[in-house]
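The file target-v5.cif comes next; it holds mmCIF, C-alpha atoms.
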data_entry
loop_
_atom_site.label_atom_id
_atom_site.label_comp_id
_atom_site.auth_asym_id
_atom_site.auth_seq_id
_atom_site.Cartn_x
_atom_site.Cartn_y
_atom_site.Cartn_z
CA MET G 87 6.94 30.76 13.22
CA ARG G 88 8.99 27.67 12.40
CA ILE G 89 8.62 24.67 10.10
CA LYS G 90 10.82 21.66 9.40
CA CYS G 91 11.33 20.38 5.88
CA GLU G 92 13.86 19.33 3.27
CA MET G 93 15.32 22.35 1.44
CA ASP G 94 17.47 22.74 -1.65
CA VAL G 95 18.93 26.16 -2.50
CA VAL G 96 19.23 26.74 -6.27
CA ASN G 97 21.28 29.65 -7.57
CA ARG G 98 19.67 30.95 -10.76
CA VAL G 99 22.93 32.54 -11.99
CA LEU G 100 24.93 29.30 -12.18
CA PRO G 101 23.32 27.93 -15.38
CA SER G 102 24.21 31.12 -17.29
CA MET G 103 27.84 30.55 -16.25
CA ASN G 104 27.70 26.92 -17.43
CA VAL G 105 28.15 25.69 -13.88
CA LYS G 106 26.21 22.65 -12.67
CA LYS G 107 24.83 22.61 -9.17
CA GLY G 108 26.10 19.65 -7.16
CA GLY G 109 24.17 19.98 -3.91
CA LYS G 110 21.08 18.17 -2.68
CA ALA G 111 18.20 18.80 -0.31
CA CYS G 112 18.94 18.58 3.40
CA HIS G 113 16.88 18.71 6.57
CA THR G 114 16.24 22.36 7.46
CA GLN G 115 14.47 24.42 10.07
CA LEU G 116 12.90 27.53 8.53
CA SER G 117 11.97 30.46 10.78
CA ILE G 118 10.38 33.87 10.27
CA GLY G 119 11.39 36.61 12.70
CA ARG G 120 13.50 39.62 13.47
CA LYS G 121 17.15 39.89 14.41
CA PRO G 122 17.87 39.90 18.18
CA GLN G 123 18.73 43.61 18.27
CA SER G 124 15.43 44.51 16.54
CA ASP G 125 13.04 44.26 19.48
CA ASN G 126 10.51 46.77 18.17
CA LYS G 127 7.76 45.79 15.78
CA GLU G 128 9.29 47.90 13.03
CA GLY G 129 12.31 45.57 12.73
CA VAL G 130 13.05 43.98 9.37
CA LEU G 131 11.64 40.48 8.90
CA PHE G 132 13.88 37.66 7.71
CA ILE G 133 13.60 34.00 6.70
CA MET G 134 16.30 32.05 8.53
CA ALA G 135 17.35 28.60 7.31
CA CYS G 136 19.23 26.46 9.85
CA THR G 137 20.83 23.11 9.00
CA ALA G 138 23.02 20.61 10.84
CA LYS G 139 26.10 22.13 9.16
CA ASP G 140 25.02 25.72 9.79
CA ARG G 141 23.14 26.00 13.07
CA ASN G 142 23.51 29.80 13.12
CA GLY G 143 21.49 29.89 9.93
CA THR G 144 21.37 31.89 6.72
CA LYS G 145 19.04 34.90 6.69
CA PHE G 146 17.03 36.20 3.71
CA GLN G 147 15.17 39.50 3.87
CA ILE G 148 11.45 39.27 3.11
CA ARG G 149 10.19 42.84 2.46
CA ASP G 150 10.28 43.62 -1.29
CA ASN G 151 12.59 40.64 -1.81
CA VAL G 152 10.21 37.77 -2.64
CA GLU G 153 9.73 37.68 -6.41
CA GLN G 154 7.30 34.75 -6.57
CA ILE G 155 6.01 31.76 -4.61
CA PHE G 156 5.28 28.51 -6.44
CA ALA G 157 2.74 26.47 -4.47
CA LYS G 158 1.07 24.19 -7.02
CA PHE G 159 2.02 21.08 -5.03
CA ILE G 160 1.54 22.53 -1.58
CA ASN G 161 -0.81 19.69 -0.62
CA GLU G 162 2.15 17.35 -1.07
CA GLY G 163 4.31 19.49 1.22
CA LYS G 164 6.23 21.07 -1.70
CA ALA G 165 6.78 24.72 -2.59
CA THR G 166 9.42 27.09 -4.00
CA ILE G 167 10.23 30.60 -2.77
CA ARG G 168 11.96 32.74 -5.42
CA LEU G 169 14.12 35.54 -4.01
CA LYS G 170 15.41 38.65 -5.78
CA ASP G 171 18.59 39.18 -3.74
CA PRO G 172 20.40 36.85 -3.74
CA PRO G 173 18.98 35.38 -6.99
CA GLN G 174 18.13 32.03 -5.44
CA ASP G 175 15.19 29.62 -5.26
CA LEU G 176 14.40 27.93 -1.94
CA CYS G 177 12.94 24.57 -2.97
CA LEU G 178 11.00 23.01 -0.08
CA CYS G 179 9.69 19.45 0.19
CA LYS G 180 8.57 16.94 2.83
CA ALA G 181 6.92 19.68 4.87
CA ASP G 182 3.62 19.43 6.73
CA PRO G 183 1.07 20.82 4.22
CA LEU G 184 -0.93 22.77 6.80
CA GLN G 185 2.13 24.34 8.40
CA LEU G 186 3.56 25.13 4.98
CA LYS G 187 0.36 26.95 3.94
CA ASN G 188 0.48 29.14 7.05
CA PHE G 189 4.19 29.76 6.56
CA LEU G 190 3.78 30.89 2.94
CA THR G 191 0.77 33.05 3.80
CA LEU G 192 2.84 34.93 6.35
CA ILE G 193 5.68 35.39 3.83
CA ARG G 194 3.26 36.85 1.26
CA LYS G 195 1.89 39.34 3.76
CA ALA G 196 5.34 40.35 4.97
CA SER G 197 6.71 40.76 1.43
CA LEU G 198 3.83 43.09 0.53
CA GLY G 199 4.30 45.16 3.67
CA GLU G 200 0.96 44.20 5.21
CA ASN G 201 0.42 44.66 8.93
CA ILE G 202 1.29 41.48 10.85
CA ASP G 203 1.68 43.05 14.30
CA LYS G 204 -0.93 40.71 15.76
CA ILE G 205 1.27 37.71 15.00
CA ASN G 206 3.82 36.97 17.70
CA LEU G 207 7.22 36.43 16.08
CA SER G 208 10.20 35.44 18.17
CA THR G 209 13.66 36.84 17.60
CA LEU G 210 15.88 34.76 15.36
CA ALA G 211 18.36 32.56 17.22
CA PRO G 212 20.62 29.60 16.34
CA ALA G 213 18.77 26.29 16.17
CA SER G 214 19.36 23.46 18.62
CA ASN G 215 20.83 20.13 17.54
CA LYS G 216 17.47 18.44 17.99
CA SER G 217 15.78 20.89 15.63
CA VAL G 218 18.19 20.47 12.72
CA ASP G 219 19.14 16.79 13.02
CA LYS G 220 17.50 14.69 10.34
CA PRO G 221 14.57 12.75 11.86
CA LYS G 222 14.92 9.01 12.17
CA THR G 223 13.06 7.21 9.38
CA LYS G 224 14.19 3.61 9.97
CA MET G 225 14.02 1.49 13.10
CA SER G 226 14.71 -2.19 13.77
CA VAL G 227 13.92 -4.08 16.98
CA THR G 228 14.98 -7.73 17.15
CA SER G 229 14.60 -8.56 20.86
CA ARG G 230 12.20 -7.81 23.69
CA LYS G 231 14.80 -5.95 25.74
CA ASP G 232 15.22 -3.41 22.92
CA TYR G 233 11.50 -2.77 22.50
CA PRO G 234 10.58 0.87 23.39
CA LEU G 235 8.20 0.47 26.32
CA THR G 236 8.82 3.77 28.10
CA LYS G 237 9.34 5.99 25.05
CA SER G 238 7.39 6.44 21.85
CA PHE G 239 8.39 5.52 18.33
CA PRO G 240 9.98 8.32 16.25
CA SER G 241 7.09 10.10 14.58
CA GLN G 242 8.78 10.28 11.16
CA LEU G 243 9.37 6.55 10.78
CA GLU G 244 8.93 5.16 7.26
CA TYR G 245 10.44 1.70 7.90
CA LEU G 246 9.75 -0.33 11.04
CA HIS G 247 10.98 -3.87 11.73
CA VAL G 248 9.92 -5.63 14.97
CA SER G 249 10.67 -9.35 15.28
CA GLN G 250 11.17 -11.97 18.03
CA CYS G 251 9.43 -9.80 20.62
CA ARG G 252 6.60 -12.25 21.46
CA MET G 253 4.08 -9.60 20.43
CA LYS G 254 0.51 -10.95 20.72
CA LYS G 255 -1.23 -7.78 19.60
CA ILE G 256 0.06 -5.02 17.38
CA ASP G 257 1.08 -2.04 19.49
CA SER G 258 -1.46 0.77 19.07
CA ARG G 259 1.39 3.30 18.96
CA ILE G 260 2.47 1.84 15.61
CA PHE G 261 -0.79 3.01 14.05
CA GLN G 262 0.09 6.61 14.96
CA LEU G 263 3.03 6.56 12.52
CA LYS G 264 1.37 8.42 9.66
CA LYS G 265 4.38 8.23 7.33
CA LEU G 266 5.04 4.50 7.76
CA GLN G 267 5.52 2.74 4.41
CA HIS G 268 7.16 -0.57 5.35
CA LEU G 269 5.97 -2.59 8.38
CA ASP G 270 7.72 -5.86 9.21
CA LEU G 271 6.32 -7.80 12.21
CA ARG G 272 7.71 -11.25 11.41
CA GLU G 273 8.41 -13.93 14.03
CA ASN G 274 5.97 -12.82 16.70
CA VAL G 275 2.77 -14.45 18.02
CA ILE G 276 0.18 -12.09 16.54
CA GLU G 277 -3.24 -13.73 16.22
CA GLU G 278 -5.53 -10.99 14.89
CA LEU G 279 -5.24 -8.00 12.59
CA PRO G 280 -7.12 -4.94 13.92
CA SER G 281 -9.20 -2.57 11.85
CA THR G 282 -6.96 0.32 12.96
CA PHE G 283 -4.70 -0.51 10.01
CA SER G 284 -6.79 2.12 8.24
CA GLN G 285 -4.74 4.78 10.06
CA LEU G 286 -1.60 3.76 8.14
CA GLU G 287 -2.50 5.64 4.98
CA ASN G 288 0.93 5.36 3.32
CA LEU G 289 1.58 1.67 3.97
CA GLN G 290 3.10 -0.04 0.93
CA GLU G 291 4.66 -3.24 2.31
CA LEU G 292 3.28 -5.43 5.10
CA ILE G 293 5.21 -8.47 6.35
CA LEU G 294 3.47 -10.72 8.91
CA CYS G 295 5.18 -14.06 8.32
CA ALA G 296 5.82 -16.54 11.15
CA ASN G 297 2.91 -15.49 13.38
CA LYS G 298 -0.34 -17.19 14.45
CA ILE G 299 -2.80 -15.39 12.18
CA GLN G 300 -5.73 -17.59 11.14
CA ASN G 301 -7.64 -15.26 8.85
CA LEU G 302 -7.20 -12.06 6.88
CA PRO G 303 -10.15 -9.71 7.57
CA SER G 304 -11.98 -8.81 4.37
CA SER G 305 -12.51 -5.26 5.64
CA LEU G 306 -8.76 -4.60 5.46
CA CYS G 307 -8.66 -5.51 1.77
CA LEU G 308 -11.34 -2.90 1.09
CA LEU G 309 -9.45 -0.02 2.69
CA PRO G 310 -9.07 2.68 -0.01
CA LYS G 311 -5.41 3.31 0.82
CA TRP G 312 -4.60 -0.42 0.78
CA LYS G 313 -6.20 -0.74 -2.64
CA GLN G 314 -4.18 2.22 -3.86
CA PHE G 315 -0.74 1.71 -2.29
CA LEU G 316 -0.19 -1.81 -0.88
CA SER G 317 2.28 -3.61 -3.15
CA LEU G 318 3.68 -6.39 -0.94
CA LEU G 319 1.81 -8.70 1.43
CA ASP G 320 3.63 -11.53 3.21
CA LEU G 321 1.46 -13.91 5.28
CA SER G 322 3.77 -16.94 5.13
CA ASN G 323 3.97 -19.47 7.96
CA ASN G 324 0.66 -18.75 9.66
CA GLY G 325 -2.54 -20.78 10.03
CA ILE G 326 -4.68 -19.17 7.33
CA THR G 327 -7.24 -21.53 5.77
CA LEU G 328 -9.01 -19.14 3.40
CA LEU G 329 -8.13 -15.94 1.59
CA PRO G 330 -11.10 -13.53 1.28
CA VAL G 331 -12.35 -12.69 -2.19
CA GLN G 332 -11.84 -9.03 -1.28
CA LEU G 333 -8.11 -9.67 -1.56
CA CYS G 334 -8.58 -9.37 -5.32
CA GLU G 335 -9.51 -5.71 -4.86
CA LEU G 336 -5.89 -4.82 -4.05
CA ASP G 337 -5.22 -3.37 -7.48
CA ASN G 338 -1.61 -2.36 -6.76
CA LEU G 339 -0.48 -5.70 -5.27
CA VAL G 340 2.79 -6.90 -6.86
CA THR G 341 4.03 -9.55 -4.41
CA LEU G 342 1.91 -12.06 -2.48
CA LYS G 343 3.48 -14.68 -0.21
CA VAL G 344 1.26 -17.24 1.54
CA ASP G 345 3.65 -20.18 1.97
CA GLU G 346 3.22 -22.71 4.80
CA ASN G 347 -0.42 -22.06 5.58
CA LYS G 348 -3.52 -24.28 5.33
CA LEU G 349 -5.00 -22.89 2.12
CA GLU G 350 -7.13 -25.23 0.01
CA THR G 351 -7.64 -22.88 -2.92
CA PHE G 352 -7.27 -19.29 -4.12
CA PRO G 353 -10.10 -16.74 -4.40
CA PRO G 354 -12.10 -17.37 -7.60
CA THR G 355 -11.34 -13.85 -8.90
CA ILE G 356 -7.58 -13.89 -8.34
CA GLY G 357 -7.09 -13.17 -12.04
CA ARG G 358 -8.09 -9.55 -11.35
CA LEU G 359 -4.71 -8.89 -9.75
CA LYS G 360 -3.30 -7.50 -12.99
CA ARG G 361 -0.13 -6.11 -11.38
CA LEU G 362 0.73 -9.27 -9.46
CA LYS G 363 4.19 -10.48 -10.51
CA TYR G 364 5.45 -12.64 -7.63
CA LEU G 365 3.24 -15.33 -6.14
CA SER G 366 4.44 -17.91 -3.63
CA ALA G 367 2.09 -20.47 -2.04
CA SER G 368 4.22 -23.54 -1.35
CA GLN G 369 3.41 -26.13 1.34
CA ASN G 370 -0.34 -25.59 1.55
CA GLN G 371 -3.32 -27.91 0.93
CA ILE G 372 -4.21 -26.64 -2.54
CA LYS G 373 -5.68 -29.38 -4.76
CA THR G 374 -7.08 -27.34 -7.65
CA LEU G 375 -6.74 -23.80 -8.98
CA PRO G 376 -9.62 -21.50 -10.01
CA CYS G 377 -9.96 -20.84 -13.74
CA SER G 378 -9.18 -17.11 -13.36
CA PHE G 379 -5.69 -18.16 -12.25
CA MET G 380 -4.90 -18.51 -15.96
CA GLN G 381 -5.33 -14.75 -16.41
CA LEU G 382 -2.27 -13.97 -14.28
CA ARG G 383 0.96 -12.85 -15.93
CA LEU G 384 3.71 -13.49 -13.40
CA GLU G 385 7.48 -13.24 -13.24
CA HIS G 386 7.87 -15.84 -10.48
CA LEU G 387 5.50 -18.60 -9.34
CA ASP G 388 6.03 -21.16 -6.57
CA LEU G 389 3.37 -23.78 -5.74
CA PHE G 390 5.72 -26.51 -4.52
CA ASN G 391 4.53 -29.28 -2.21
CA ASN G 392 0.78 -28.93 -2.66
CA PRO G 393 -1.39 -32.08 -3.03
CA PHE G 394 -2.30 -31.63 -6.71
CA ALA G 395 -3.72 -34.71 -8.46
CA ASP G 396 -1.18 -36.68 -10.52
CA ASP G 397 -3.35 -37.23 -13.59
CA THR G 398 -5.99 -34.71 -14.49
CA LYS G 399 -8.20 -35.49 -17.43
CA SER G 400 -10.65 -33.03 -18.86
CA ASP G 401 -14.13 -33.95 -17.61
CA LEU G 402 -17.49 -32.23 -17.66
CA GLU G 403 -20.58 -32.88 -15.59
CA GLU G 404 -23.67 -33.69 -17.63
CA THR G 405 -26.75 -32.07 -16.19
CA GLU G 406 -29.97 -30.43 -17.26
CA TRP G 407 -29.93 -26.66 -17.14
CA GLN G 408 -32.42 -24.85 -14.95
CA ALA G 409 -33.13 -21.14 -14.82
CA PRO G 410 -31.34 -19.38 -11.92
CA SER G 411 -33.44 -18.12 -9.02
CA LEU G 412 -34.21 -14.44 -8.54
CA VAL G 413 -31.74 -14.30 -5.65
CA GLU G 414 -28.98 -15.71 -7.86
CA CYS G 415 -29.80 -13.28 -10.69
CA CYS G 416 -29.45 -10.35 -8.29
CA ALA G 417 -26.25 -11.77 -6.83
CA ARG G 418 -24.76 -12.25 -10.31
CA MET G 419 -25.38 -8.58 -11.16
CA ILE G 420 -23.88 -7.38 -7.87
CA ARG G 421 -20.68 -9.35 -8.44
CA LYS G 422 -20.50 -8.56 -12.16
CA ASN G 423 -20.69 -4.80 -11.55
CA ARG G 424 -18.34 -5.03 -8.53
CA LEU G 425 -20.82 -3.29 -6.26
CA PRO G 426 -19.44 -2.95 -2.71
CA TYR G 427 -21.33 -4.69 0.07
CA SER G 428 -20.87 -5.33 3.77
CA GLU G 429 -22.75 -6.67 6.77
CA GLU G 430 -23.91 -3.12 7.45
CA ASP G 431 -25.86 -3.18 4.17
CA LEU G 432 -26.98 -6.82 3.93
CA HIS G 433 -27.77 -9.68 6.24
CA THR G 434 -24.78 -11.85 7.15
CA HIS G 435 -25.99 -14.91 5.21
CA LEU G 436 -26.42 -12.80 2.04
CA CYS G 437 -22.85 -11.53 2.37
CA ARG G 438 -21.61 -15.11 2.71
CA TYR G 439 -23.71 -16.05 -0.32
CA LEU G 440 -22.11 -13.29 -2.40
CA ASP G 441 -18.65 -14.37 -1.20
CA SER G 442 -19.31 -17.91 -2.47
CA ALA G 443 -19.60 -16.75 -6.09
CA ARG G 444 -17.95 -18.91 -8.74
CA LEU G 445 -16.30 -17.36 -11.76
CA CYS G 446 -17.18 -18.69 -15.20
CA TRP G 447 -14.70 -18.73 -18.08
CA CYS G 448 -16.71 -15.99 -19.79
CA GLY G 449 -16.06 -13.64 -16.85
CA GLY G 450 -19.57 -13.93 -15.43
CA PHE G 451 -20.48 -15.18 -11.98
CA CYS G 452 -22.65 -18.10 -10.94
CA PHE G 453 -23.82 -19.77 -7.75
CA GLU G 454 -26.07 -22.88 -7.66
CA ARG G 455 -27.06 -22.93 -11.35
CA CYS G 456 -23.80 -23.93 -13.00
CA VAL G 457 -21.86 -26.89 -14.37
CA ARG G 458 -18.54 -27.98 -12.95
CA ALA G 459 -15.59 -29.02 -15.10
CA THR G 460 -11.93 -29.91 -14.55
CA THR G 461 -9.01 -29.60 -16.93
CA SER G 462 -5.22 -29.67 -16.85
CA PHE G 463 -3.04 -26.61 -17.24
CA SER G 464 0.71 -25.95 -17.49
CA LEU G 465 2.07 -23.30 -15.13
CA LYS G 466 4.87 -22.52 -17.58
CA THR G 467 2.43 -20.48 -19.64
CA LEU G 468 1.98 -18.04 -16.74
CA SER G 469 5.56 -17.25 -15.76
CA PRO G 470 9.11 -17.63 -17.10
CA THR G 471 10.25 -18.74 -13.63
CA VAL G 472 8.15 -21.59 -12.26
CA SER G 473 8.96 -23.97 -9.42
CA ALA G 474 7.83 -27.57 -9.86
CA VAL G 475 4.85 -28.61 -7.75
CA ASP G 476 6.54 -31.86 -6.60
CA MET G 477 9.88 -33.64 -6.50
CA ARG G 478 9.28 -35.13 -9.94
CA GLY G 479 9.46 -31.74 -11.61
CA ARG G 480 5.80 -31.64 -12.63
CA THR G 481 4.31 -28.27 -13.66
CA ASP G 482 0.86 -29.39 -14.88
CA VAL G 483 -1.91 -28.75 -12.37
CA PRO G 484 -5.70 -29.24 -12.34
CA ILE G 485 -7.92 -26.24 -13.00
CA LEU G 486 -11.43 -26.23 -11.56
CA LEU G 487 -13.89 -24.19 -13.57
CA PHE G 488 -17.60 -23.47 -13.59
CA LEU G 489 -19.82 -22.81 -16.59
CA CYS G 490 -22.69 -20.40 -16.05
CA SER G 491 -24.86 -21.09 -19.11
CA PRO G 492 -25.54 -23.60 -21.92
CA GLN G 493 -23.63 -21.33 -24.31
CA CYS G 494 -20.48 -21.58 -22.18
CA GLN G 495 -20.96 -25.34 -21.95
CA ARG G 496 -21.08 -25.67 -25.73
CA LYS G 497 -17.91 -23.59 -26.13
CA TYR G 498 -16.14 -25.72 -23.56
CA LYS G 499 -17.09 -28.91 -25.36
CA THR G 500 -15.74 -27.48 -28.62
CA ASN G 501 -12.37 -26.53 -27.12
CA PRO G 502 -11.78 -27.22 -23.40
CA TYR G 503 -8.47 -25.31 -23.45
CA ALA G 504 -9.89 -22.08 -24.87
CA TYR G 505 -10.17 -19.20 -22.44
CA TRP G 506 -12.46 -17.06 -24.55
CA ARG G 507 -12.75 -14.00 -22.32
#

Will you turn the file into structure tokens for me?
Amino acid sequence: MRIKCEMDVVNRVLPSMNVKKGGKACHTQLSIGRKPQSDNKEGVLFIMACTAKDRNGTKFQIRDNVEQIFAKFINEGKATIRLKDPPQDLCLCKADPLQLKNFLTLIRKASLGENIDKINLSTLAPASNKSVDKPKTKMSVTSRKDYPLTKSFPSQLEYLHVSQCRMKKIDSRIFQLKKLQHLDLRENVIEELPSTFSQLENLQELILCANKIQNLPSSLCLLPKWKQFLSLLDLSNNGITLLPVQLCELDNLVTLKVDENKLETFPPTIGRLKRLKYLSASQNQIKTLPCSFMQLRLEHLDLFNNPFADDTKSDLEETEWQAPSLVECCARMIRKNRLPYSEEDLHTHLCRYLDSARLCWCGGFCFERCVRATTSFSLKTLSPTVSAVDMRGRTDVPILLFLCSPQCQRKYKTNPYAYWR
């Protein structure tokens, strides 16, 4: 039985001698077996650790020599095997959890002297170069001639950069890279984003700038792993006209880049992105910002070259209030409680109706029964680093807001610059 992992050998005697350990974990092939001369089933079992520097391997006897196994984090591919002689701890990490469980189970049985004759164990032999070489975790392809057409991508890739390859669709083999964390597909001709992104469970950064993408599917923003891990999303220089409201469900998003698109506004609930620190949306068609934009607390903000109005005076529509319909009351409660919905649950026109929700200053939602108001707002209150919105150095922009009730309307009349939620 063999597994591949990162292993660090810790000598427990060194601290008592006031000696600090200076090593670090390295890629290792661990095997369980018998020495070549021990062909019978009564031969002594050993753990053999082979590395790139020591292909012949170091052997540790198992029977009556394993003091304890620490497996609290085995589901993360981590474990520690404590040996009696020599007094060392074998600290394992980055192992396949399932293989590691089977490996440790066999060690427990062998250390207790249980019968494992039914398990076929090969004789211990030096490892090949391929087995002990550290797997490739980064790969960059910058031309079509270098693209791997006849061979697969390394299975352990964590960083993949593919640009200037005229890729129209994302290669399905990329979605088989279970450990991929950073995916950069800039400067291609990708038009659509497939739902198979759900297979990339560890994806943290996605760069798709300089393609031909026209919309971001809302279903991708609702992927549990995207909501949990995705921290950077770059959609600059595409043809996107609208960002889905589901984008605001990406709770871990830190950086959002949507420069050089055709956006006219942001999602009304963009203020929910509490971890967002870097926002760039220059050279779009944005004329007003939603009121929840004022809830953001950024470190860098760039809205340069958008057609914001020069002079924005605070104005309020005067209208008679009418009670909302039953449909709107239900829709308000669905959006307020953040209940998930999709076209599998509701008719398409009801999903579009829910997507059209407007956010009031009080944090509630409204649809037809609301009052519209516009006010001016300084971007300098949101971020210490703000780019001017035009060549004149202006940082004041119009904020479009909606009031859901007469109470909110009265508060707005009292102080139009108060964000009371």

How far is it from CA of Met380 (chain G) to CA of Asn338 (chain G), in Å with one decimal? 18.9 Å

Given the PyMOL selection byres ((chain G and resi 268) around 7), the residues it picks as an mmCIF file with C-alpha atoms, in the coordinates of the input:
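Saved result, out-v4.cif, follows:
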data_model
loop_
_atom_site.group_PDB
_atom_site.id
_atom_site.type_symbol
_atom_site.label_atom_id
_atom_site.label_comp_id
_atom_site.auth_asym_id
_atom_site.auth_seq_id
_atom_site.Cartn_x
_atom_site.Cartn_y
_atom_site.Cartn_z
ATOM 1 C CA GLU G 244 8.930 5.160 7.260
ATOM 2 C CA TYR G 245 10.440 1.700 7.900
ATOM 3 C CA LEU G 246 9.750 -0.330 11.040
ATOM 4 C CA LEU G 266 5.040 4.500 7.760
ATOM 5 C CA GLN G 267 5.520 2.740 4.410
ATOM 6 C CA LEU G 269 5.970 -2.590 8.380
ATOM 7 C CA ASP G 270 7.720 -5.860 9.210
ATOM 8 C CA LEU G 289 1.580 1.670 3.970
ATOM 9 C CA GLN G 290 3.100 -0.040 0.930
ATOM 10 C CA GLU G 291 4.660 -3.240 2.310
ATOM 11 C CA LEU G 292 3.280 -5.430 5.100
#

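Minimum distance to Lys180 (chain G) across G:Thr137, G:Ser208, G:Thr500, G:Thr114 (counting all atoms listed in the file) occurs at G:Thr114.
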
Using all atoms listed in the file for the distances, tell me which of G:Val275, G:Met103, G:Leu468, G:Cys446 is nearest to Leu489 (chain G). G:Cys446

Find the nearest atom pair between each residue of region 426-501 of chain G and region 355-369 of chain G for residues within 12 Å, count all atoms listed in the file, give distances in Å to one decimal, sort rows by chain and ascending number, and present the table as a Markdown table.
| residue | atom | partner | partner_atom | distance |
| --- | --- | --- | --- | --- |
| G:Asp441 | CA | G:Thr355 | CA | 10.6 |
| G:Ser442 | CA | G:Thr355 | CA | 11.0 |
| G:Ala443 | CA | G:Thr355 | CA | 9.2 |
| G:Arg444 | CA | G:Thr355 | CA | 8.3 |
| G:Leu445 | CA | G:Thr355 | CA | 6.7 |
| G:Cys446 | CA | G:Thr355 | CA | 9.9 |
| G:Trp447 | CA | G:Thr355 | CA | 10.9 |
| G:Gly449 | CA | G:Thr355 | CA | 9.2 |
| G:Gly450 | CA | G:Thr355 | CA | 10.5 |
| G:Phe451 | CA | G:Thr355 | CA | 9.7 |
| G:Leu468 | CA | G:Lys363 | CA | 10.0 |
| G:Ser469 | CA | G:Lys363 | CA | 8.7 |
| G:Pro470 | CA | G:Lys363 | CA | 10.9 |
| G:Thr471 | CA | G:Tyr364 | CA | 9.8 |
| G:Val472 | CA | G:Leu365 | CA | 10.0 |
| G:Ser473 | CA | G:Ser368 | CA | 9.4 |
| G:Ala474 | CA | G:Ser368 | CA | 10.1 |
| G:Val475 | CA | G:Ser368 | CA | 8.2 |
| G:Asp476 | CA | G:Ser368 | CA | 10.1 |
| G:Leu487 | CA | G:Thr355 | CA | 11.6 |

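Distance annotation: of G:Leu131, G:Cys490, G:Ala181, G:Leu382, the residue with the minimal separation from Glu414 (chain G) is G:Cys490; atom set is all atoms listed in the file.
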
If I take CA of Ala459 (chain G) and CA of Pro484 (chain G), how far is one from the other in Å, to one decimal?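 Computing the Euclidean distance for CA of Ala459 (chain G) and CA of Pro484 (chain G) yields 10.3 Å.
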
Grab the CA of Thr191 (chain G) to CA of Asp94 (chain G) distance for me, in Å with one decimal place.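 That distance, rounded to one decimal, is 20.4 Å.
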
Residues near Asn297 (chain G), anyone? I mean within 6 Å using all atoms listed in the file, not counting same-chain ones fewer than 5 positions away, as number ranges by chain. G: 273-276, 324

Just say which residues the PyMOL selection byres ((chain G and resi 214) around 12) picks in this file, as a ChimeraX atom specification. /G:114-115,136-143,211-213,215-219
